[in-house]
Structures are given as structure tokens and as C-alpha cells.
Amino acid sequence: MTVSEDHGKQAHHGTLQKQLHLRSLVLFGLAYMTPIIVLGIFGVIAELSDGGSAGSYLIATVAMLFTALSYGLMAKHFPVAGSAYTYVRKALDSRLGFVVGWAILLDYLFLPLVIWLIGGSYLQGQFPSVPFFVWIVSFIVITSALNVIGLKVADRANFALMTVQLLILALFVILSITHLVSGSQSLVSTTPFTGGSGFSALAAGAAVAAYSFLGFDAISTLTEETHDAERNVPRAIVLVALIGGGIFIVVTYFVTLVSPGGTFDNSASLASDIAKTIGGSLFGAVFLTGLIVGQFASGLAAQAAVSRLLYAMGRDRVLPEGAFGWLSERFNTPVFNIALCGVIGLAAIFLDVATSTSFINFGAFTAFTFVNLAVIAYFLRHRDEHLSPWRYILLPALGAAIDIYLLTELDSKALILGLSWLGIGVVYLLVLTRGLTKEPPEMTAIAEAE
């Protein structure tokens with residue numbers, strides 16, 4: 001191949017791949033976060049924070065911004081489709097990278113359970129005479145059947161769903177303001193930020209509120225397809241964390257004014273009752289329908305994603321290939337993995353929303369902490385490049401400290417389950433590496449999916 005031919009091929013490849021700009025990245029990140037989830041778990045946050053939901057989301061937003069800055073720096077120095085796993089593996093250590101990848105797998109594996117649990121809680125609130133397990137089993141059976149057949153949700157449908165979510169959120173805020181004004185209630189108050197039990201309660205709420213931010217870091221997977229990625233990807237990650245946090249704070253502020261306090265009879269489905277209060281039965285039905293449709297679509301996508309992630313890990317022999325790397329000849333889908341995800345989802349019958357979201361956040365906070373530490377490690381290895389100590393030492397150190405603090409504020413059951421999961425991962429790592437005498441296998445699927 002001549003130099004000109006090679007140049008031409010590279011130029012063509014670059015044109016094909018570099019097609020995303022800052023606006024596209026921000027929209028992708030916001031769609032991935034599923035903004036309506038802030039209402040889905042509002043009651044849980046309100047109880048944990050004792051009526052200080054907006055304050056909890058403010059703390060969570062600050063924590064996510066520190067971590068977002070660290071993701072941005074790593075995306076700048078490793079301009080490939082990356083993730084927490086990739087950054088820790090490259091900047092710290094391959095074995096620590098494996099542990100982080102295992103922690104991330106926790107999020108993927110149990111996310112469908114949390115989605116089905118939130119949807120089931122709202123349906124039970126609407127139809128209390130129907131046993132809770134009926135909703136959970138129905139979600140699992142229908143979603144699993146569709147995923148086995150191979151149904152795919154189109155990107156346009158997901159984008160439309162995001163638009164509907166934002167409209168419902170906007171309506172919720174507008175109707176909340178209208179309700180407050182009509183009742184001669186003040187629109188200005190510090191209570192949604194302070195709550196009634198001090199900072200410890202706000203931090204406990206923030207530890208769960210971080211669930212609403214899951215997915216903001218997925219922008220890092222688009223690095224190779226972005227124009228001026230070293231500049232646009234870091235900006236997009238920070239903007240998504242900032243915009244998402246702003247949406248969550250504004251929504252919870254006004255909703256808290258409508259329904260103050262920290263004790264409720266139906267905290268798991270509180271927003272549905274608030275919707276009826278501010279907009280009547282019609283808006284209550286619209287809100288419930290939008291939330292359930294959103295949860296169903298999210299559950300469908302989450303189960304499909306984790307089943308294929310497990311398949312790729314089985315194919316790469318990170319997990320046993322015979323089970324996880326098997327595809328059904330009839331449907332050409334990873335039936336074993338889909339069924340496994342469904343079986344795990346049955347645990348939703350015995351869990352509450354607070355514990356399950358905390359469990360998911362355990363994996364997230366673990367990964368976020370190590371991304372911040374990876375930035376510090378990068379600085380120590382490249383001190384001759386005259387990097388800024390406050391950007392590479394101070395800010396990520398603060399980010400790691402906040403992530404660790406919020407990690408300790410998680411539900412005690414979630415901490416036990418999370419530490420148990422990490423323990424299994426460490427034992428599995430020792431087996432795979434024969435006592436750390438060889439390099440762990442690369443978790444390529446995690447890096448591509450994160």
C-alpha cells in the first residue's frame with residue numbers, strides 16, 4: 001500500500017467515525033440517565049433525607065462533578081472508547097482494573113432488578129389489591145420473553161421516550177408551582193435543602209440519590225467517534241452531570257414544597273400520589289403511564305445489555321464459556337444469560353427500593369473512587385509533563401473522599417451485599433490468575449459496554 005493510499009484510507013476512516021459533536025454527546029448522556037427516575041425514587045430520598053431531597057441531590061451533584069472532572073481527564077489522556085475499568089487498568093494496575101470491572105458488573109447485573117422493583121412499587125400503589133409479586137413476575141416474564149425472541153428497542157423510540165420524560169418533568173414542576181401559588185404557599189424555602197435531621201440525613205439521601213446519575217459516564221465510550229474528543233468528551237461529561245443535577249435539584253425542590261416532611265405511608269410510590277394532588281386524576285394517570293412505560297423500556301434494554309455483556313465475557317473466557325458464551329440456535333440470543341437475569345430479578349420481591357438502589361450504588365461508588373485515584377496515579381507517573389497539581393491531585397482526592405464517604409452512608413444491607421460481591425470477585429481473580437502469578441484476562445466487554 002502506498003503512503004497516499006494509506007492516508008486516503010485513514011482519512012476516510014476518520015470521516016466515518018468522527019461524527020459526534022458536543023451537543024450530540026450531551027443529549028446521549030442525558031438520555032442514558034433516564035431523567036424521570038428522579039420522581040421514581042423521590043419518596044425514598046425524601047424519607048432518608050427527612051424532607052431534604054434537594055439538599056441530597058445537591059450533595060450528589062457535587063460528588064458527581066468531581067468524578068466527572070476525573071473522567072474527563074482520563075478521556076483526554078486515553079482517547080479510546082474507555083470506562084472506569086479501562087482507566088484503572090491503564091493508570092493503576094490490571095488486577096485493580098479487574099476488581100473495578102467486577103464492581104461495574106454488579107451494576108449491570110442488578111440494574112434490571114431495581115428497574116422492575118420501582119415499576120412494581122408504583123403499580124402496587126395504584127392497584128393495592130394485586131399482590132406485589134405478580135407485578136415483579138409479570139415484568140420479568142414479559143421482558144425475558146421479548147429479549148429471548150430478540151426484540152430490539154430502536155434508538156429513535158428511546159429518544160422519543162426521553163423527550164416524553166422531560167415533558168412530564170416540566171409539567172410536574174409547572175403544576176407544583178401552580179398548586180403552591182393557588183394555596184398561597186411560598187415558593188421560597190430552605191427546607192428542601194436542609195431537611196429536618198441535619199447533614200447526616202442529607203448524606204444518606206445523597207448516597208441513594210446518586211442512582212439518578214448512573215450512566216453519565218457512558219459518554220466516555222463515544223470518544224473514538226467524537227470530533228475533537230480531547231476537548232468535547234470532558235466538557236460533555238461535566239455538562240451532563242451538571243445539567244442532570246440541575247434538573248434533579250429543581251424537580252425535588254418544588255415537589256418537596258408540595259409534599260414536605262420525611263415520613264410517608266407509601267414512600268416507594270409517593271410521586272404518583274403527588275401527581276394526582278397537583279394535576280388531578282388525569283395527570284396522575286399520565287404520570288403513572290409515562291413512568292411505567294419508561295421503566296419497562298429501561299428494563300428491556302438493561303436485561304438485553306447485561307445478557308450480551310455476560311455472553312461477551314463468556315466468549316472471552318472471563319466467565320465459564322459453556323454457559324455464558326452459549327447462544328440459542330433457534331433465537332440466536334443468550335437465553336441462559338437472559339434467564340439468569342430474570343432469576344436474579346425475582347429477589348425484588350424481597351427487597352425494598354432503598355436497599356436495592358444502594359446495592360447498585362455500591363458498584364458505582366467503588367468505580368468512581370478508583371477513577372479519581374487513577375487520575376492521581378497518572379500524575380505521579382507523568383510528573384515531568386508539568387501537570388497541574390490541583391487538577392490531578394487536589395480535585396480527584398476530594399472526589400475520591402466524597403465517593404468513599406457516600407459509600408459508607410449506604411444502607412447496611414447494601415454494604416454487606418456489596419462487600420460480599422467484591423469478595424467473590426477477589427476470590428475469582430485469585431483463581432483466574434493462579435494466585436496473582438499471571439495477568440488477569442482483559443474484560444473487553446466491560447470496557448465496551450461501560
# chains A, B, ... in the order shown; residues from 1 in each chain; ligands from 1
>>> select_by_dssp(residues="segment 201-327 of chain A", states="alpha helix (DSSP H)", output="PyMOL selection string")
chain A and resi 201-209+229-258+270-315+321-324
>>> residues_around(residues="Thr143 of chain A", least_positions_apart="4", cutoff="12 Å", atoms="only C-alpha atoms", output="PyMOL selection string")
chain A and resi 112-113+115-116+135-139+147-153+295-304+338-339+341-342+345
>>> residues_around(residues="Gly280 of chain A", least_positions_apart="5", cutoff="12 Å", atoms="only C-alpha atoms", output="PyMOL selection string")
chain A and resi 172+175-176+179+272-275+285-287
>>> closest_atom_pairs(of="segment 72-180 of chain A", to="segment 33-37 of chain A", cutoff="7 Å", atoms="only C-alpha atoms", output="JSON lines")
{"residue": "A:Met162", "atom": "CA", "partner": "A:Thr34", "partner_atom": "CA", "distance": 6.8}
{"residue": "A:Gln165", "atom": "CA", "partner": "A:Ile36", "partner_atom": "CA", "distance": 5.6}
{"residue": "A:Leu169", "atom": "CA", "partner": "A:Ile36", "partner_atom": "CA", "distance": 6.6}
>>> write_last_selection(atoms="all heavy atoms", output="short mmCIF file (atom, residue, chain, number, x, y, z; two decimals), in the first residue's frame")
data_model
loop_
_atom_site.label_atom_id
_atom_site.label_comp_id
_atom_site.auth_asym_id
_atom_site.auth_seq_id
_atom_site.Cartn_x
_atom_site.Cartn_y
_atom_site.Cartn_z
N MET A 162 -37.23 9.80 25.92
CA MET A 162 -36.55 10.81 26.71
C MET A 162 -37.28 12.15 26.63
O MET A 162 -37.44 12.86 27.61
CB MET A 162 -35.11 10.98 26.24
CG MET A 162 -34.33 11.96 27.11
SD MET A 162 -32.81 12.57 26.36
CE MET A 162 -33.47 13.68 25.11
N GLN A 165 -40.26 12.04 28.82
CA GLN A 165 -39.84 12.15 30.21
C GLN A 165 -39.61 13.60 30.61
O GLN A 165 -40.07 14.06 31.66
CB GLN A 165 -38.55 11.38 30.43
CG GLN A 165 -38.67 9.88 30.37
CD GLN A 165 -37.32 9.22 30.56
OE1 GLN A 165 -36.62 9.53 31.52
NE2 GLN A 165 -36.94 8.35 29.66
N LEU A 169 -41.58 15.83 33.37
CA LEU A 169 -40.88 16.52 34.45
C LEU A 169 -41.22 18.01 34.47
O LEU A 169 -41.45 18.60 35.53
CB LEU A 169 -39.37 16.33 34.30
CG LEU A 169 -38.80 14.95 34.66
CD1 LEU A 169 -37.33 14.87 34.31
CD2 LEU A 169 -39.00 14.67 36.15
#
>>> closest_residue(among="A:Ser356, A:Ser94, A:Thr366, A:Thr178", to="Leu406 of chain A", atoms="only C-alpha atoms")
A:Thr366
>>> residues_around(residues="Phe42 of chain A", least_positions_apart="6", cutoff="12 Å", atoms="only C-alpha atoms", output="ChimeraX atom specification")
/A:36,48-54,56-57,118,122,205-206,208-209,211-212,248-249,251-256,259-260,262,264,266-274,353-354
>>> write_last_selection(atoms="N, CA and C atoms", output="compact mmCIF listing (two decimals), in the first residue's frame")
# COMPACT_ATOMS: atom_id res chain seq x y z
N ILE A 36 -36.51 10.87 34.37
CA ILE A 36 -37.74 10.71 35.16
C ILE A 36 -37.51 9.86 36.41
N LEU A 48 -35.17 9.23 53.56
CA LEU A 48 -33.79 9.13 54.03
C LEU A 48 -33.24 10.48 54.45
N SER A 49 -33.61 11.54 53.71
CA SER A 49 -33.08 12.88 53.99
C SER A 49 -33.96 13.67 54.95
N ASP A 50 -35.04 13.06 55.40
CA ASP A 50 -36.01 13.71 56.29
C ASP A 50 -36.51 15.02 55.70
N GLY A 51 -36.95 14.94 54.45
CA GLY A 51 -37.53 16.10 53.79
C GLY A 51 -36.53 17.03 53.14
N GLY A 52 -35.29 16.58 52.99
CA GLY A 52 -34.26 17.42 52.38
C GLY A 52 -33.76 16.88 51.05
N SER A 53 -34.68 16.44 50.20
CA SER A 53 -34.30 15.81 48.93
C SER A 53 -33.43 16.70 48.06
N ALA A 54 -33.77 17.98 47.95
CA ALA A 54 -32.99 18.89 47.12
C ALA A 54 -31.56 19.01 47.65
N SER A 56 -29.97 16.64 49.30
CA SER A 56 -29.31 15.38 48.98
C SER A 56 -28.84 15.37 47.53
N TYR A 57 -29.68 15.87 46.63
CA TYR A 57 -29.28 15.92 45.23
C TYR A 57 -28.18 16.94 44.98
N ILE A 118 -38.91 -0.72 41.09
CA ILE A 118 -39.51 0.62 41.11
C ILE A 118 -40.85 0.61 40.37
N TYR A 122 -44.81 1.22 42.05
CA TYR A 122 -45.81 2.19 41.60
C TYR A 122 -47.12 1.50 41.19
N GLY A 205 -29.36 10.39 52.10
CA GLY A 205 -30.18 10.55 50.91
C GLY A 205 -29.35 10.68 49.66
N ALA A 206 -28.22 11.39 49.77
CA ALA A 206 -27.33 11.58 48.62
C ALA A 206 -26.74 10.25 48.16
N VAL A 208 -28.12 7.45 48.02
CA VAL A 208 -29.09 6.77 47.15
C VAL A 208 -29.41 7.64 45.94
N ALA A 209 -29.42 8.96 46.13
CA ALA A 209 -29.73 9.89 45.03
C ALA A 209 -28.75 9.74 43.87
N TYR A 211 -27.97 7.26 42.44
CA TYR A 211 -28.53 6.31 41.47
C TYR A 211 -29.06 7.03 40.24
N SER A 212 -29.60 8.25 40.44
CA SER A 212 -30.17 9.01 39.33
C SER A 212 -29.12 9.42 38.31
N PHE A 248 -32.53 17.51 38.59
CA PHE A 248 -32.93 16.78 39.79
C PHE A 248 -33.18 17.73 40.97
N ILE A 249 -32.32 18.73 41.12
CA ILE A 249 -32.47 19.67 42.24
C ILE A 249 -33.74 20.50 42.10
N VAL A 251 -36.51 19.83 40.33
CA VAL A 251 -37.70 18.99 40.47
C VAL A 251 -37.95 18.66 41.93
N THR A 252 -36.93 18.20 42.64
CA THR A 252 -37.13 17.79 44.04
C THR A 252 -37.43 18.98 44.94
N TYR A 253 -36.92 20.15 44.59
CA TYR A 253 -37.20 21.35 45.39
C TYR A 253 -38.70 21.65 45.41
N PHE A 254 -39.29 21.74 44.23
CA PHE A 254 -40.72 22.09 44.15
C PHE A 254 -41.62 20.95 44.62
N VAL A 255 -41.24 19.73 44.33
CA VAL A 255 -42.06 18.60 44.77
C VAL A 255 -42.03 18.49 46.30
N THR A 256 -40.88 18.81 46.90
CA THR A 256 -40.78 18.80 48.37
C THR A 256 -41.67 19.86 48.98
N SER A 259 -45.06 18.35 49.00
CA SER A 259 -45.20 17.24 49.94
C SER A 259 -44.00 17.23 50.89
N PRO A 260 -44.00 18.14 51.89
CA PRO A 260 -42.87 18.23 52.82
C PRO A 260 -42.84 17.09 53.82
N GLY A 262 -40.64 13.88 56.08
CA GLY A 262 -39.82 12.71 55.77
C GLY A 262 -40.45 11.39 56.17
N PHE A 264 -43.80 8.91 55.18
CA PHE A 264 -44.92 8.70 54.26
C PHE A 264 -45.40 7.26 54.35
N ASN A 266 -46.51 5.57 51.77
CA ASN A 266 -46.20 4.86 50.53
C ASN A 266 -45.00 5.52 49.84
N SER A 267 -43.87 5.56 50.53
CA SER A 267 -42.70 6.29 50.01
C SER A 267 -42.22 5.74 48.66
N ALA A 268 -42.37 4.44 48.44
CA ALA A 268 -41.87 3.83 47.21
C ALA A 268 -42.62 4.31 45.97
N SER A 269 -43.86 4.80 46.15
CA SER A 269 -44.65 5.27 45.01
C SER A 269 -45.25 6.65 45.30
N LEU A 270 -44.54 7.45 46.08
CA LEU A 270 -45.06 8.74 46.54
C LEU A 270 -45.37 9.70 45.40
N ALA A 271 -44.52 9.75 44.39
CA ALA A 271 -44.71 10.72 43.31
C ALA A 271 -46.03 10.54 42.58
N SER A 272 -46.55 9.32 42.54
CA SER A 272 -47.83 9.07 41.88
C SER A 272 -48.96 9.78 42.61
N ASP A 273 -48.93 9.75 43.94
CA ASP A 273 -49.96 10.45 44.73
C ASP A 273 -49.81 11.96 44.59
N ILE A 274 -48.57 12.43 44.54
CA ILE A 274 -48.33 13.87 44.38
C ILE A 274 -48.85 14.34 43.02
N VAL A 353 -36.91 -0.51 47.71
CA VAL A 353 -36.24 0.35 46.74
C VAL A 353 -34.95 0.93 47.31
N ALA A 354 -34.96 1.34 48.57
CA ALA A 354 -33.78 1.96 49.17
C ALA A 354 -32.59 1.00 49.19
>>> residues_around(residues="His21 of chain A", least_positions_apart="3", cutoff="12 Å", atoms="only C-alpha atoms", output="mmCIF file with all heavy atoms, in the first residue's frame")
data_model
loop_
_atom_site.group_PDB
_atom_site.id
_atom_site.type_symbol
_atom_site.label_atom_id
_atom_site.label_comp_id
_atom_site.auth_asym_id
_atom_site.auth_seq_id
_atom_site.Cartn_x
_atom_site.Cartn_y
_atom_site.Cartn_z
ATOM 1 N N GLN A 17 -15.918 7.791 11.276
ATOM 2 C CA GLN A 17 -16.033 7.629 12.715
ATOM 3 C C GLN A 17 -16.312 8.934 13.451
ATOM 4 O O GLN A 17 -17.124 8.970 14.359
ATOM 5 C CB GLN A 17 -14.732 7.003 13.265
ATOM 6 C CG GLN A 17 -14.465 5.593 12.761
ATOM 7 C CD GLN A 17 -15.479 4.593 13.265
ATOM 8 O OE1 GLN A 17 -15.918 4.676 14.408
ATOM 9 N NE2 GLN A 17 -15.872 3.651 12.435
ATOM 10 N N LYS A 18 -15.634 10.009 13.070
ATOM 11 C CA LYS A 18 -15.756 11.272 13.794
ATOM 12 C C LYS A 18 -17.008 12.022 13.357
ATOM 13 O O LYS A 18 -16.965 12.910 12.511
ATOM 14 C CB LYS A 18 -14.513 12.138 13.544
ATOM 15 C CG LYS A 18 -13.197 11.473 13.876
ATOM 16 C CD LYS A 18 -13.048 11.268 15.385
ATOM 17 C CE LYS A 18 -11.678 10.702 15.721
ATOM 18 N NZ LYS A 18 -11.497 10.452 17.158
ATOM 19 N N SER A 24 -24.468 16.444 20.593
ATOM 20 C CA SER A 24 -24.865 15.037 20.490
ATOM 21 C C SER A 24 -24.444 14.260 21.731
ATOM 22 O O SER A 24 -25.194 13.409 22.235
ATOM 23 C CB SER A 24 -24.248 14.404 19.240
ATOM 24 O OG SER A 24 -24.653 15.083 18.083
ATOM 25 N N LEU A 25 -23.259 14.545 22.229
ATOM 26 C CA LEU A 25 -22.759 13.849 23.404
ATOM 27 C C LEU A 25 -23.617 14.162 24.630
ATOM 28 O O LEU A 25 -23.950 13.273 25.415
ATOM 29 C CB LEU A 25 -21.309 14.256 23.679
ATOM 30 C CG LEU A 25 -20.256 13.818 22.655
ATOM 31 C CD1 LEU A 25 -18.893 14.398 23.025
ATOM 32 C CD2 LEU A 25 -20.172 12.306 22.571
ATOM 33 N N VAL A 26 -23.987 15.431 24.789
ATOM 34 C CA VAL A 26 -24.796 15.834 25.936
ATOM 35 C C VAL A 26 -26.178 15.181 25.883
ATOM 36 O O VAL A 26 -26.676 14.667 26.891
ATOM 37 C CB VAL A 26 -24.924 17.371 26.000
ATOM 38 C CG1 VAL A 26 -25.945 17.780 27.067
ATOM 39 C CG2 VAL A 26 -23.575 18.003 26.309
ATOM 40 N N LEU A 27 -26.793 15.164 24.695
ATOM 41 C CA LEU A 27 -28.111 14.531 24.549
ATOM 42 C C LEU A 27 -28.032 13.034 24.840
ATOM 43 O O LEU A 27 -28.908 12.464 25.480
ATOM 44 C CB LEU A 27 -28.648 14.767 23.136
ATOM 45 C CG LEU A 27 -29.142 16.185 22.840
ATOM 46 C CD1 LEU A 27 -29.522 16.312 21.362
ATOM 47 C CD2 LEU A 27 -30.332 16.537 23.718
ATOM 48 N N PHE A 28 -26.962 12.397 24.368
ATOM 49 C CA PHE A 28 -26.775 10.967 24.626
ATOM 50 C C PHE A 28 -26.664 10.715 26.127
ATOM 51 O O PHE A 28 -27.309 9.807 26.678
ATOM 52 C CB PHE A 28 -25.514 10.469 23.919
ATOM 53 C CG PHE A 28 -25.112 9.064 24.308
ATOM 54 C CD1 PHE A 28 -25.690 7.967 23.692
ATOM 55 C CD2 PHE A 28 -24.154 8.847 25.292
ATOM 56 C CE1 PHE A 28 -25.323 6.664 24.052
ATOM 57 C CE2 PHE A 28 -23.789 7.559 25.653
ATOM 58 C CZ PHE A 28 -24.363 6.471 25.037
ATOM 59 N N ILE A 219 -20.668 8.503 28.301
ATOM 60 C CA ILE A 219 -20.162 9.353 27.215
ATOM 61 C C ILE A 219 -18.739 8.970 26.850
ATOM 62 O O ILE A 219 -18.323 9.084 25.687
ATOM 63 C CB ILE A 219 -20.233 10.837 27.637
ATOM 64 C CG1 ILE A 219 -21.687 11.275 27.789
ATOM 65 C CG2 ILE A 219 -19.521 11.743 26.636
ATOM 66 C CD1 ILE A 219 -21.855 12.643 28.389
ATOM 67 N N LEU A 222 -17.849 6.966 23.735
ATOM 68 C CA LEU A 222 -18.002 7.539 22.387
ATOM 69 C C LEU A 222 -16.779 8.334 21.951
ATOM 70 O O LEU A 222 -16.823 9.039 20.943
ATOM 71 C CB LEU A 222 -19.241 8.448 22.354
ATOM 72 C CG LEU A 222 -20.566 7.800 22.717
ATOM 73 C CD1 LEU A 222 -21.675 8.841 22.728
ATOM 74 C CD2 LEU A 222 -20.900 6.673 21.754
ATOM 75 N N THR A 223 -15.689 8.218 22.698
ATOM 76 C CA THR A 223 -14.500 9.030 22.439
ATOM 77 C C THR A 223 -14.013 8.908 21.007
ATOM 78 O O THR A 223 -13.696 9.908 20.345
ATOM 79 C CB THR A 223 -13.368 8.628 23.406
ATOM 80 O OG1 THR A 223 -13.806 8.878 24.744
ATOM 81 C CG2 THR A 223 -12.115 9.430 23.132
ATOM 82 N N GLU A 224 -13.945 7.679 20.476
ATOM 83 C CA GLU A 224 -13.381 7.468 19.150
ATOM 84 C C GLU A 224 -14.291 7.958 18.029
ATOM 85 O O GLU A 224 -13.870 8.031 16.879
ATOM 86 C CB GLU A 224 -13.074 5.973 18.962
ATOM 87 C CG GLU A 224 -11.995 5.463 19.906
ATOM 88 C CD GLU A 224 -11.712 3.977 19.721
ATOM 89 O OE1 GLU A 224 -11.898 3.476 18.602
ATOM 90 O OE2 GLU A 224 -11.322 3.329 20.702
ATOM 91 N N GLU A 225 -15.531 8.302 18.347
ATOM 92 C CA GLU A 225 -16.475 8.754 17.322
ATOM 93 C C GLU A 225 -16.764 10.256 17.418
ATOM 94 O O GLU A 225 -17.676 10.756 16.774
ATOM 95 C CB GLU A 225 -17.799 7.978 17.458
ATOM 96 C CG GLU A 225 -17.630 6.476 17.328
ATOM 97 C CD GLU A 225 -18.912 5.743 17.689
ATOM 98 O OE1 GLU A 225 -19.900 5.894 16.963
ATOM 99 O OE2 GLU A 225 -18.909 5.027 18.714
ATOM 100 N N THR A 226 -15.961 10.952 18.236
ATOM 101 C CA THR A 226 -16.242 12.361 18.515
ATOM 102 C C THR A 226 -15.197 13.285 17.908
ATOM 103 O O THR A 226 -13.991 13.038 18.024
ATOM 104 C CB THR A 226 -16.297 12.587 20.040
ATOM 105 O OG1 THR A 226 -17.294 11.730 20.607
ATOM 106 C CG2 THR A 226 -16.616 14.029 20.365
ATOM 107 N N HIS A 227 -15.671 14.347 17.292
ATOM 108 C CA HIS A 227 -14.782 15.396 16.799
ATOM 109 C C HIS A 227 -14.102 16.085 17.984
ATOM 110 O O HIS A 227 -14.756 16.414 18.975
ATOM 111 C CB HIS A 227 -15.572 16.441 15.997
ATOM 112 C CG HIS A 227 -16.056 15.950 14.668
ATOM 113 N ND1 HIS A 227 -15.207 15.767 13.589
ATOM 114 C CD2 HIS A 227 -17.288 15.605 14.236
ATOM 115 C CE1 HIS A 227 -15.914 15.334 12.543
ATOM 116 N NE2 HIS A 227 -17.180 15.217 12.921
ATOM 117 N N ASP A 228 -12.801 16.307 17.874
ATOM 118 C CA ASP A 228 -12.035 16.986 18.926
ATOM 119 C C ASP A 228 -12.354 16.358 20.279
ATOM 120 O O ASP A 228 -12.736 17.036 21.242
ATOM 121 C CB ASP A 228 -12.363 18.483 18.934
ATOM 122 C CG ASP A 228 -11.371 19.302 19.749
ATOM 123 O OD1 ASP A 228 -10.348 18.721 20.183
ATOM 124 O OD2 ASP A 228 -11.628 20.495 19.968
ATOM 125 N N ALA A 229 -12.181 15.031 20.350
ATOM 126 C CA ALA A 229 -12.591 14.270 21.538
ATOM 127 C C ALA A 229 -11.886 14.737 22.809
ATOM 128 O O ALA A 229 -12.482 14.749 23.888
ATOM 129 C CB ALA A 229 -12.335 12.786 21.316
ATOM 130 N N GLU A 230 -10.618 15.124 22.699
ATOM 131 C CA GLU A 230 -9.879 15.535 23.885
ATOM 132 C C GLU A 230 -10.509 16.753 24.552
ATOM 133 O O GLU A 230 -10.333 16.970 25.750
ATOM 134 C CB GLU A 230 -8.425 15.830 23.523
ATOM 135 C CG GLU A 230 -7.641 14.599 23.118
ATOM 136 C CD GLU A 230 -6.171 14.908 22.898
ATOM 137 O OE1 GLU A 230 -5.748 16.035 23.221
ATOM 138 O OE2 GLU A 230 -5.450 14.041 22.405
ATOM 139 N N ARG A 231 -11.241 17.547 23.781
ATOM 140 C CA ARG A 231 -11.902 18.739 24.319
ATOM 141 C C ARG A 231 -13.382 18.499 24.584
ATOM 142 O O ARG A 231 -13.910 18.882 25.637
ATOM 143 C CB ARG A 231 -11.733 19.892 23.323
ATOM 144 C CG ARG A 231 -12.348 21.212 23.765
ATOM 145 C CD ARG A 231 -11.880 22.331 22.844
ATOM 146 N NE ARG A 231 -12.488 23.611 23.192
ATOM 147 C CZ ARG A 231 -13.572 24.112 22.600
ATOM 148 N NH1 ARG A 231 -14.164 23.438 21.617
ATOM 149 N NH2 ARG A 231 -14.061 25.281 22.963
ATOM 150 N N ASN A 232 -14.064 17.847 23.634
ATOM 151 C CA ASN A 232 -15.524 17.721 23.727
ATOM 152 C C ASN A 232 -15.991 16.662 24.718
ATOM 153 O O ASN A 232 -17.014 16.850 25.393
ATOM 154 C CB ASN A 232 -16.110 17.425 22.341
ATOM 155 C CG ASN A 232 -16.161 18.664 21.469
ATOM 156 O OD1 ASN A 232 -16.310 19.774 21.973
ATOM 157 N ND2 ASN A 232 -16.027 18.490 20.163
ATOM 158 N N VAL A 233 -15.301 15.526 24.814
ATOM 159 C CA VAL A 233 -15.743 14.469 25.725
ATOM 160 C C VAL A 233 -15.669 14.922 27.187
ATOM 161 O O VAL A 233 -16.647 14.768 27.936
ATOM 162 C CB VAL A 233 -14.950 13.169 25.496
ATOM 163 C CG1 VAL A 233 -15.231 12.157 26.618
ATOM 164 C CG2 VAL A 233 -15.309 12.555 24.148
ATOM 165 N N ARG A 235 -15.799 17.975 28.345
ATOM 166 C CA ARG A 235 -16.825 19.004 28.526
ATOM 167 C C ARG A 235 -18.215 18.379 28.615
ATOM 168 O O ARG A 235 -19.035 18.782 29.453
ATOM 169 C CB ARG A 235 -16.781 19.996 27.353
ATOM 170 C CG ARG A 235 -15.556 20.896 27.339
ATOM 171 C CD ARG A 235 -15.508 21.732 26.076
ATOM 172 N NE ARG A 235 -16.627 22.668 26.003
ATOM 173 C CZ ARG A 235 -17.002 23.288 24.894
ATOM 174 N NH1 ARG A 235 -16.355 23.062 23.754
ATOM 175 N NH2 ARG A 235 -18.006 24.137 24.918
ATOM 176 N N ALA A 236 -18.489 17.386 27.758
ATOM 177 C CA ALA A 236 -19.806 16.755 27.744
ATOM 178 C C ALA A 236 -20.081 16.003 29.047
ATOM 179 O O ALA A 236 -21.191 16.060 29.585
ATOM 180 C CB ALA A 236 -19.918 15.803 26.548
#
>>> atom_distance(atom1="atom CA of Pro192 of chain A", atom2="atom CA of Gly55 of chain A")
6.3 Å
>>> closest_residue(among="A:Ala68, A:Ala364, A:Val335, A:Leu180", to="Gly101 of chain A", atoms="only C-alpha atoms")
A:Ala364
>>> closest_residue(among="A:Leu398, A:Ala75, A:Ile292, A:Ala323", to="Gln126 of chain A", atoms="only C-alpha atoms")
A:Ile292
>>> closest_residue(among="A:Ser200, A:Ser281, A:Thr357, A:Ser186", to="Ile59 of chain A", atoms="only C-alpha atoms")
A:Ser200
